[in-house]
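> You'll find final.cif just under this line, and it carries mmCIF, C-alpha atoms (C1' of nucleotides).
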```
data_upload
loop_
_atom_site.label_atom_id
_atom_site.label_comp_id
_atom_site.auth_asym_id
_atom_site.auth_seq_id
_atom_site.Cartn_x
_atom_site.Cartn_y
_atom_site.Cartn_z
CA MET A 1 0.00 0.00 0.00
CA PRO A 2 2.38 2.63 -1.16
CA GLU A 3 1.31 5.90 0.36
CA GLY A 4 3.62 7.67 2.76
CA HIS A 5 2.54 5.87 5.91
CA SER A 6 3.73 2.53 4.56
CA VAL A 7 7.10 3.95 3.53
CA GLN A 8 7.56 5.13 7.11
CA ARG A 9 6.85 1.61 8.29
CA THR A 10 9.38 0.20 5.88
CA ALA A 11 12.00 2.63 7.18
CA ASN A 12 11.11 1.60 10.71
CA TRP A 13 11.51 -2.06 9.83
CA PHE A 14 14.94 -1.49 8.28
CA ASN A 15 16.06 0.63 11.23
CA LYS A 16 14.92 -1.98 13.69
CA HIS A 17 16.17 -5.12 11.99
CA LEU A 18 18.97 -4.32 9.56
CA ALA A 19 20.51 -0.98 10.52
CA GLY A 20 23.80 -1.32 12.34
CA SER A 21 24.65 -4.62 10.70
CA LYS A 22 26.28 -5.72 7.50
CA VAL A 23 23.55 -6.27 4.98
CA ARG A 24 23.76 -8.48 1.99
CA VAL A 25 22.00 -7.17 -1.09
CA ASP A 26 21.11 -9.45 -3.99
CA SER A 27 18.93 -9.20 -7.05
CA PRO A 28 17.39 -12.60 -7.72
CA GLN A 29 15.56 -11.16 -10.70
CA GLY A 30 18.81 -9.75 -12.07
CA ARG A 31 17.80 -6.21 -12.91
CA PHE A 32 19.53 -4.75 -9.85
CA THR A 33 22.55 -7.06 -9.76
CA ASP A 34 25.31 -4.62 -10.72
CA SER A 35 24.05 -1.88 -8.41
CA ALA A 36 23.51 -4.31 -5.54
CA LYS A 37 27.24 -5.09 -5.59
CA LEU A 38 28.00 -1.45 -4.75
CA VAL A 39 26.44 -1.79 -1.29
CA SER A 40 26.25 -5.49 -0.55
CA ASN A 41 28.02 -6.57 2.65
CA ARG A 42 28.40 -2.97 3.78
CA LYS A 43 26.94 -1.76 7.03
CA LEU A 44 23.51 -0.15 6.78
CA ILE A 45 23.68 3.09 8.71
CA ARG A 46 20.01 4.00 8.63
CA ALA A 47 16.82 4.09 6.61
CA ARG A 48 14.98 7.31 5.88
CA ALA A 49 11.48 7.80 4.52
CA ILE A 50 10.67 11.01 2.72
CA GLY A 51 7.28 11.16 1.10
CA LYS A 52 6.91 7.95 -0.87
CA GLN A 53 10.63 7.41 -1.21
CA LEU A 54 12.88 5.26 0.91
CA PHE A 55 16.59 5.93 1.32
CA LEU A 56 18.92 3.29 2.70
CA ASP A 57 22.26 4.84 3.68
CA PHE A 58 25.27 2.52 3.70
CA ASP A 59 28.66 3.14 5.30
CA ASN A 60 30.46 3.73 2.00
CA LYS A 61 28.64 6.95 1.10
CA LYS A 62 26.23 5.06 -1.10
CA THR A 63 22.46 5.09 -0.71
CA VAL A 64 19.82 2.84 -2.17
CA ARG A 65 16.87 4.92 -3.32
CA ILE A 66 13.58 3.13 -3.68
CA HIS A 67 10.18 4.24 -4.91
CA LEU A 68 7.49 1.58 -5.03
CA GLY A 69 5.42 3.32 -7.67
CA ILE A 70 2.04 1.79 -8.18
CA TYR A 71 3.09 -1.87 -8.21
CA GLY A 72 5.94 -2.16 -5.78
CA LYS A 73 5.70 -4.30 -2.67
CA TRP A 74 7.81 -5.37 0.29
CA ARG A 75 7.77 -8.69 2.07
CA TYR A 76 9.57 -9.27 5.35
CA PHE A 77 10.78 -12.51 6.88
CA ASP A 78 12.17 -13.62 10.22
CA SER A 79 14.75 -15.84 8.56
CA ASN A 80 17.40 -15.28 5.94
CA LYS A 81 16.74 -18.59 4.24
CA VAL A 82 13.73 -17.85 2.09
CA GLU A 83 12.94 -19.35 -1.26
CA VAL A 84 12.68 -16.82 -4.06
CA VAL A 85 9.14 -16.69 -5.39
CA GLY A 86 8.36 -14.73 -8.52
CA GLN A 87 10.20 -11.58 -9.50
CA VAL A 88 12.32 -10.30 -6.64
CA ARG A 89 14.15 -7.17 -7.74
CA ALA A 90 16.15 -6.78 -4.57
CA ARG A 91 16.70 -8.83 -1.47
CA PHE A 92 18.18 -7.34 1.72
CA PHE A 93 19.23 -9.58 4.60
CA ASN A 94 21.48 -10.12 7.57
CA ALA A 95 21.86 -13.19 9.79
CA ALA A 96 18.35 -12.90 11.20
CA LYS A 97 16.00 -10.97 8.91
CA LEU A 98 15.22 -10.60 5.25
CA ALA A 99 13.26 -8.22 3.08
CA ASP A 100 12.21 -8.80 -0.54
CA LEU A 101 11.38 -5.96 -2.90
CA ARG A 102 9.26 -6.55 -5.99
CA GLY A 103 8.08 -4.33 -8.81
CA PRO A 104 9.44 -0.94 -7.73
CA THR A 105 9.34 1.97 -10.10
CA ILE A 106 12.77 3.04 -8.83
CA CYS A 107 15.48 1.01 -7.18
CA GLU A 108 18.92 2.51 -7.68
CA VAL A 109 22.18 3.24 -5.91
CA ILE A 110 23.14 6.89 -5.61
CA GLU A 111 25.79 8.85 -3.74
CA THR A 112 24.48 9.63 -0.26
CA GLU A 113 25.26 13.30 -0.77
CA LEU A 114 22.67 13.39 -3.55
CA VAL A 115 19.84 12.50 -1.21
CA ASP A 116 19.41 16.16 -0.30
CA GLN A 117 18.71 17.02 -3.91
CA HIS A 118 15.89 14.52 -4.00
CA LYS A 119 14.65 15.83 -0.69
CA LYS A 120 14.55 19.38 -2.02
CA ARG A 121 12.13 18.43 -4.74
CA LEU A 122 9.68 17.06 -2.22
CA GLY A 123 7.15 19.05 -0.27
CA PRO A 124 6.65 18.70 3.48
CA ASP A 125 5.88 15.17 4.67
CA PRO A 126 3.09 14.95 7.26
CA THR A 127 4.65 11.85 8.80
CA ASN A 128 7.83 13.68 9.73
CA PRO A 129 8.05 15.65 13.00
CA ASP A 130 7.16 19.32 12.76
CA PRO A 131 7.50 20.88 16.21
CA LYS A 132 7.98 24.40 14.90
CA LYS A 133 5.12 24.10 12.40
CA LEU A 134 7.48 24.96 9.55
CA ASN A 135 6.14 22.17 7.37
CA GLN A 136 2.58 23.18 8.07
CA GLU A 137 3.41 26.73 7.12
CA ARG A 138 5.09 25.66 3.88
CA PHE A 139 2.05 23.61 2.91
CA VAL A 140 -0.47 26.31 3.79
CA LYS A 141 1.43 29.01 1.90
CA ARG A 142 1.85 26.89 -1.18
CA VAL A 143 -1.79 25.87 -1.28
CA ARG A 144 -3.20 29.32 -0.69
CA ALA A 145 -0.96 30.82 -3.35
CA SER A 146 -2.04 28.30 -5.96
CA LYS A 147 -4.65 28.50 -8.68
CA SER A 148 -4.71 24.71 -8.98
CA ALA A 149 -7.54 22.59 -7.67
CA ILE A 150 -6.96 21.30 -4.18
CA GLY A 151 -7.57 17.78 -5.52
CA LEU A 152 -4.50 18.21 -7.70
CA LEU A 153 -2.42 19.96 -5.07
CA LEU A 154 -2.79 17.07 -2.63
CA MET A 155 -1.43 14.71 -5.29
CA ASN A 156 1.49 16.98 -6.09
CA GLN A 157 4.52 15.65 -4.23
CA SER A 158 6.20 19.04 -4.24
CA VAL A 159 3.24 20.49 -2.33
CA ILE A 160 2.81 17.68 0.19
CA SER A 161 4.77 14.47 0.01
CA GLY A 162 3.45 11.06 0.90
CA VAL A 163 -0.22 11.69 0.17
CA GLY A 164 -1.67 9.55 -2.62
CA ASN A 165 -5.04 8.87 -4.16
CA VAL A 166 -6.63 7.33 -1.08
CA TYR A 167 -5.61 10.00 1.42
CA ARG A 168 -6.41 12.70 -1.13
CA ALA A 169 -10.00 11.54 -1.42
CA GLU A 170 -10.47 10.93 2.27
CA LEU A 171 -8.84 14.17 3.46
CA LEU A 172 -11.09 16.23 1.22
CA PHE A 173 -14.18 14.35 2.33
CA ARG A 174 -13.32 14.83 5.97
CA ALA A 175 -12.73 18.53 5.33
CA LYS A 176 -16.01 18.81 3.39
CA LEU A 177 -14.06 20.41 0.57
CA SER A 178 -14.79 19.91 -3.10
CA PRO A 179 -11.71 18.60 -4.93
CA TYR A 180 -12.35 21.31 -7.51
CA ARG A 181 -11.94 24.19 -5.07
CA LEU A 182 -8.87 26.20 -5.96
CA GLY A 183 -6.08 26.28 -3.44
CA SER A 184 -6.36 30.07 -3.33
CA SER A 185 -10.00 29.81 -2.29
CA LEU A 186 -9.18 28.01 0.94
CA SER A 187 -9.12 30.02 4.13
CA GLN A 188 -6.03 29.93 6.31
CA LYS A 189 -8.00 27.85 8.77
CA GLN A 190 -9.13 25.35 6.15
CA ALA A 191 -5.60 24.85 4.85
CA VAL A 192 -4.19 24.46 8.35
CA GLU A 193 -6.85 21.93 9.26
CA LEU A 194 -6.24 19.99 6.07
CA TRP A 195 -2.56 19.70 6.94
CA GLN A 196 -3.26 18.77 10.53
CA ASP A 197 -5.75 16.13 9.48
CA ALA A 198 -3.13 14.64 7.15
CA VAL A 199 -0.64 14.55 10.03
CA MET A 200 -3.18 12.82 12.25
CA LEU A 201 -4.49 10.33 9.68
CA MET A 202 -1.05 9.31 8.48
CA LYS A 203 0.11 8.86 12.04
CA VAL A 204 -2.74 6.44 12.54
CA GLY A 205 -1.77 4.77 9.27
CA VAL A 206 1.82 4.32 10.41
CA ALA A 207 0.68 2.85 13.72
CA LYS A 208 -1.89 0.49 12.25
CA GLY A 209 -0.12 -0.45 9.04
CA PHE A 210 -3.08 0.39 6.83
CA MET A 211 -5.15 3.39 5.94
CA VAL A 212 -8.20 4.11 8.06
CA THR A 213 -10.11 7.35 7.76
CA ARG A 214 -13.55 6.70 9.22
CA GLN A 215 -13.64 8.66 12.42
CA GLU A 216 -15.17 5.93 14.57
CA GLN A 217 -12.45 3.50 13.55
CA LEU A 218 -9.45 5.72 14.23
CA SER A 219 -9.01 4.72 17.84
CA SER A 220 -10.63 1.32 17.56
CA ARG A 221 -8.60 -1.84 17.86
CA LYS A 222 -10.95 -3.78 15.67
CA ILE A 223 -10.03 -4.15 12.03
CA HIS A 224 -12.94 -3.34 9.76
CA ASP A 225 -13.45 -4.26 6.11
CA GLU A 226 -14.70 -0.81 5.12
CA ARG A 227 -12.26 1.78 6.37
CA ASN A 228 -12.90 4.77 4.13
CA TYR A 229 -15.64 7.27 3.43
CA VAL A 230 -15.43 7.65 -0.33
CA TYR A 231 -12.44 5.83 -1.78
CA LYS A 232 -13.70 2.98 -3.97
CA ARG A 233 -17.26 3.64 -2.80
CA GLU A 234 -18.56 5.12 -6.05
CA GLY A 235 -22.32 4.76 -6.49
CA LEU A 236 -22.84 3.94 -2.83
CA ALA A 237 -24.59 6.19 -0.37
CA CYS A 238 -22.40 8.78 1.30
CA LEU A 239 -22.11 7.88 4.97
CA ARG A 240 -22.81 11.45 5.96
CA CYS A 241 -25.50 12.75 3.58
CA ARG A 242 -26.65 9.64 1.67
CA SER A 243 -25.91 11.19 -1.74
CA ASN A 244 -24.24 8.87 -4.20
CA VAL A 245 -20.46 8.92 -4.01
CA ALA A 246 -19.07 10.15 -7.34
CA LEU A 247 -16.19 8.80 -9.39
CA GLU A 248 -14.53 11.08 -11.91
CA LEU A 249 -11.13 11.41 -13.48
CA MET A 250 -8.83 14.20 -12.40
CA ALA A 251 -5.55 14.35 -14.31
CA THR A 252 -5.98 10.68 -15.27
CA ARG A 253 -6.39 9.51 -11.69
CA LYS A 254 -9.62 8.31 -10.17
CA LEU A 255 -11.20 10.91 -7.98
CA TYR A 256 -13.77 9.84 -5.40
CA TYR A 257 -15.88 12.41 -3.58
CA CYS A 258 -19.33 13.15 -2.34
CA PRO A 259 -21.05 15.86 -4.40
CA GLY A 260 -23.58 16.26 -1.58
CA CYS A 261 -21.27 17.32 1.21
CA GLN A 262 -18.15 18.44 -0.62
CA LYS A 263 -19.31 21.69 -2.16
"C1'" DG B 1 -6.66 -19.76 -18.28
"C1'" DT B 2 -7.37 -14.57 -19.62
"C1'" DG B 3 -7.86 -9.82 -18.92
"C1'" DC B 4 -8.34 -5.94 -16.23
"C1'" DC B 5 -7.11 -3.02 -12.44
"C1'" DA B 6 -4.17 -0.64 -8.85
"C1'" DT B 7 -2.37 3.25 -3.21
"C1'" DG B 8 2.62 6.47 -9.14
"C1'" DT B 9 5.83 8.97 -11.86
"C1'" DG B 10 8.22 11.04 -15.58
"C1'" DA B 11 9.52 11.08 -20.46
"C1'" DA B 12 7.79 11.83 -24.96
"C1'" DA B 13 4.79 14.05 -28.10
"C1'" DT C 1 -2.05 14.86 -23.00
"C1'" DT C 2 -0.44 10.23 -23.81
"C1'" DC C 3 2.30 6.53 -22.97
"C1'" DA C 4 5.61 3.35 -20.87
"C1'" DC C 5 7.03 1.22 -17.02
"C1'" DC C 6 6.04 -3.41 -14.47
"C1'" DT C 7 4.03 -6.86 -10.90
"C1'" DG C 8 0.39 -9.19 -8.38
"C1'" DG C 9 -4.38 -9.89 -7.23
"C1'" DC C 10 -8.69 -10.89 -8.45
"C1'" DA C 11 -13.02 -11.27 -11.21
"C1'" DC C 12 -14.55 -13.85 -14.67
"C1'" DC C 13 -14.54 -17.61 -18.22
#
```
Show how you would write the structure in this file as structure tokens.

Amino acid sequence: MPEGHSVQRTANWFNKHLAGSKVRVDSPQGRFTDSAKLVSNRKLIRARAIGKQLFLDFDNKKTVRIHLGIYGKWRYFDSNKVEVVGQVRARFFNAAKLADLRGPTICEVIETELVDQHKKRLGPDPTNPDPKKLNQERFVKRVRASKSAIGLLLMNQSVISGVGNVYRAELLFRAKLSPYRLGSSLSQKQAVELWQDAVMLMKVGVAKGFMVTRQEQLSSRKIHDERNYVYKREGLACLRCRSNVALELMATRKLYYCPGCQK
DNA sequence: GTGCCATGTGAAA
DNA sequence: TTCACCTGGCACC
């Protein structure tokens, strides 16, 4: 489930289980073989998640940069003896743990010093700490200065990083904002609340390991089948106003919203 | 078995 | 604006 919350979890897994040890890196599929050699058997210093990208810093000034794209997936194991099943682009393991990466849009080795350049292109990430509200301020300014639709802005990784199609739809529903409202039409308060809701929802997502946006489920331990208000609920009754949830295309991506309560 | 769909991005036209 | 990338899951035959 590659929105930002799951990348945070991946970074947490790497930091917990592989960081600090020598990590072997293979490419069973073969497409990452040459690059894997550049970092294999080096010590993993740390993993960092920024937006939807994962950076694995090794002790030889090399970093593996990974973006799952729409297909990519991780699988984790409590053993380092695991049969390869299907197309495994990259396999990371030490004596105790193993992670398999399949289908990423990006998996490459870069110089660690280049990570900052990638970082610069990304907007503030709601899953990263923001004690001085600098990230919030960046987001609010950018949105309120923009003539783009808020539905597009939330998908723009230079405006806010880590939000994808599910959180986009759900954040706007929760805010009762039409996806077509221009960023410049949002009040300061609306923009601030949108950011703060993203921070809160993605925090829940990181803790739970999946996206939940229905208010009554946020603090519930129970795992429900239906966790969202509008995402993939086209044609069904809106849970708030009973209008039919709409499905339209916005810049080629599916846009779910409730025309009844998101004016 | 086949075919379609997906939580994404960036290059090409 | 369109297309290519690229893998797995699932509905349907």
> Select from chain B every residue with an atom at most 7 Å from any atom of chain A, then for each give the shortest pair of atoms and their distance in Å to one decimal, using all atoms listed in the file, rows by chain and rising number, as CSV.

```
residue,atom,partner,partner_atom,distance
B:DA6,C1',A:Ile70,CA,6.7
B:DT7,C1',A:Met1,CA,5.1
B:DG8,C1',A:Gly69,CA,4.5
```
> Quick check on the file I pasted: which residues fall under the PyMOL selection byres ((chain A and resi 141) around 10)? Write them as a list in words.
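The output of the PyMOL selection byres ((chain A and resi 141) around 10) on this file is Asn135, Gln136, Glu137, Arg138, Phe139, Val140, Arg142, Val143, Arg144, Ala145, Ser146, Val159, Gly183, Ser184, Gln188, Ala191 and Val192 of chain A.
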> Set the distance at 10 Å and use only C-alpha atoms (C1' of nucleotides): which residues neighbour Glu216 (chain A) once local chain neighbours fewer than 4 positions away are removed? I'd like the list as a list in words.
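Neighbouring residues, sequence-local ones excluded: Val212, Ser220 and Arg227 of chain A.
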> If the PyMOL selection byres ((chain C and resi 2-5) around 10) is run on the structure shown, which residues does it catch, given as a PyMOL selection string?
(chain A and resi 69+103-105) or (chain B and resi 9-13) or (chain C and resi 1+6)
> Take the selection from the previous step and output its residues with C-alpha atoms (C1' of nucleotides), as a PDB file, in the frame of the given file.

```pdb
ATOM      1  CA  GLY A  69       5.420   3.320  -7.670  1.00  0.00           C
ATOM      2  CA  GLY A 103       8.080  -4.330  -8.810  1.00  0.00           C
ATOM      3  CA  PRO A 104       9.440  -0.940  -7.730  1.00  0.00           C
ATOM      4  CA  THR A 105       9.340   1.970 -10.100  1.00  0.00           C
TER       5      THR A 105
ATOM      6  C1'  DT B   9       5.830   8.970 -11.860  1.00  0.00           C
ATOM      7  C1'  DG B  10       8.220  11.040 -15.580  1.00  0.00           C
ATOM      8  C1'  DA B  11       9.520  11.080 -20.460  1.00  0.00           C
ATOM      9  C1'  DA B  12       7.790  11.830 -24.960  1.00  0.00           C
ATOM     10  C1'  DA B  13       4.790  14.050 -28.100  1.00  0.00           C
TER      11       DA B  13
ATOM     12  C1'  DT C   1      -2.050  14.860 -23.000  1.00  0.00           C
ATOM     13  C1'  DC C   6       6.040  -3.410 -14.470  1.00  0.00           C
TER      14       DC C   6
END
```
> Could you pull the residues within 10 Å of Arg242 (chain A), counting all atoms listed in the file, minus those fewer than 5 positions along the same chain, as a count of residues only?
5
> Given the file shown, determine the residues that the PyMOL selection byres ((chain B and resi 5) around 12) selects; report them as number ranges by chain.
A: 70-71, 254; B: 3-4, 6; C: 7-11
> Out of A:Ser35, A:Asn12, A:Gln196, A:Arg102, which residue has the shortest atom-to-atom distance to chain C when counting only C-alpha atoms (C1' of nucleotides)?
A:Arg102
> Find the spatial neighbours of region 121-126 of chain A, counting all atoms listed in the file, within a cut-off of 7 Å - ignore same-chain residues fewer than 5 positions away - and output them as a list in words.
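The residues that qualify are Ile50, Gly51, Asn135, Phe139, Gln157, Ser158, Val159, Ile160, Ser161, Gly162, Ala198 and Val199 of chain A.
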> Please report the interatomic distance between CA of Asp59 (chain A) and CA of Gln29 (chain A) in Å with one decimal.
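Rounded to one decimal, the two atoms are 25.1 Å apart.
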> Counting only C-alpha atoms (C1' of nucleotides), select every polymer residue within 8 Å of (-9.6, 27.0, -5.0) as defined in the file's coordinates, and provide the selection as a VMD selection string.
chain A and resid 146 to 150 180 to 186
> Pull C-alpha atoms from the residues just selected and write them as a PDB file, keeping the file's coordinate frame.

```pdb
ATOM      1  CA  SER A 146      -2.040  28.300  -5.960  1.00  0.00           C
ATOM      2  CA  LYS A 147      -4.650  28.500  -8.680  1.00  0.00           C
ATOM      3  CA  SER A 148      -4.710  24.710  -8.980  1.00  0.00           C
ATOM      4  CA  ALA A 149      -7.540  22.590  -7.670  1.00  0.00           C
ATOM      5  CA  ILE A 150      -6.960  21.300  -4.180  1.00  0.00           C
ATOM      6  CA  TYR A 180     -12.350  21.310  -7.510  1.00  0.00           C
ATOM      7  CA  ARG A 181     -11.940  24.190  -5.070  1.00  0.00           C
ATOM      8  CA  LEU A 182      -8.870  26.200  -5.960  1.00  0.00           C
ATOM      9  CA  GLY A 183      -6.080  26.280  -3.440  1.00  0.00           C
ATOM     10  CA  SER A 184      -6.360  30.070  -3.330  1.00  0.00           C
ATOM     11  CA  SER A 185     -10.000  29.810  -2.290  1.00  0.00           C
ATOM     12  CA  LEU A 186      -9.180  28.010   0.940  1.00  0.00           C
TER      13      LEU A 186
END
```
> Distance CA of Thr252 (chain A)-CA of Gly151 (chain A), one decimal place?
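Rounded to one decimal, the two atoms are 12.2 Å apart.
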> Val23 (chain A): which residues within 12 Å, counting only C-alpha atoms (C1' of nucleotides), same-chain residues fewer than 4 positions away excluded, as a ChimeraX atom specification?
/A:14-15,17-19,36-46,56-59,80,91-99
> Report, in Å with one decimal, the straight-line distance from CA of Lys203 (chain A) to CA of Thr127 (chain A).
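Taking CA of Lys203 (chain A) as the start and CA of Thr127 (chain A) as the end point, the length is 6.3 Å.
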> Using only C-alpha atoms (C1' of nucleotides), which of the listed residues (A:Gln215, A:Gln87, A:Asn228, A:Gln190) sits closest to chain C?
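For chain C, the nearest of the candidates is A:Gln87.
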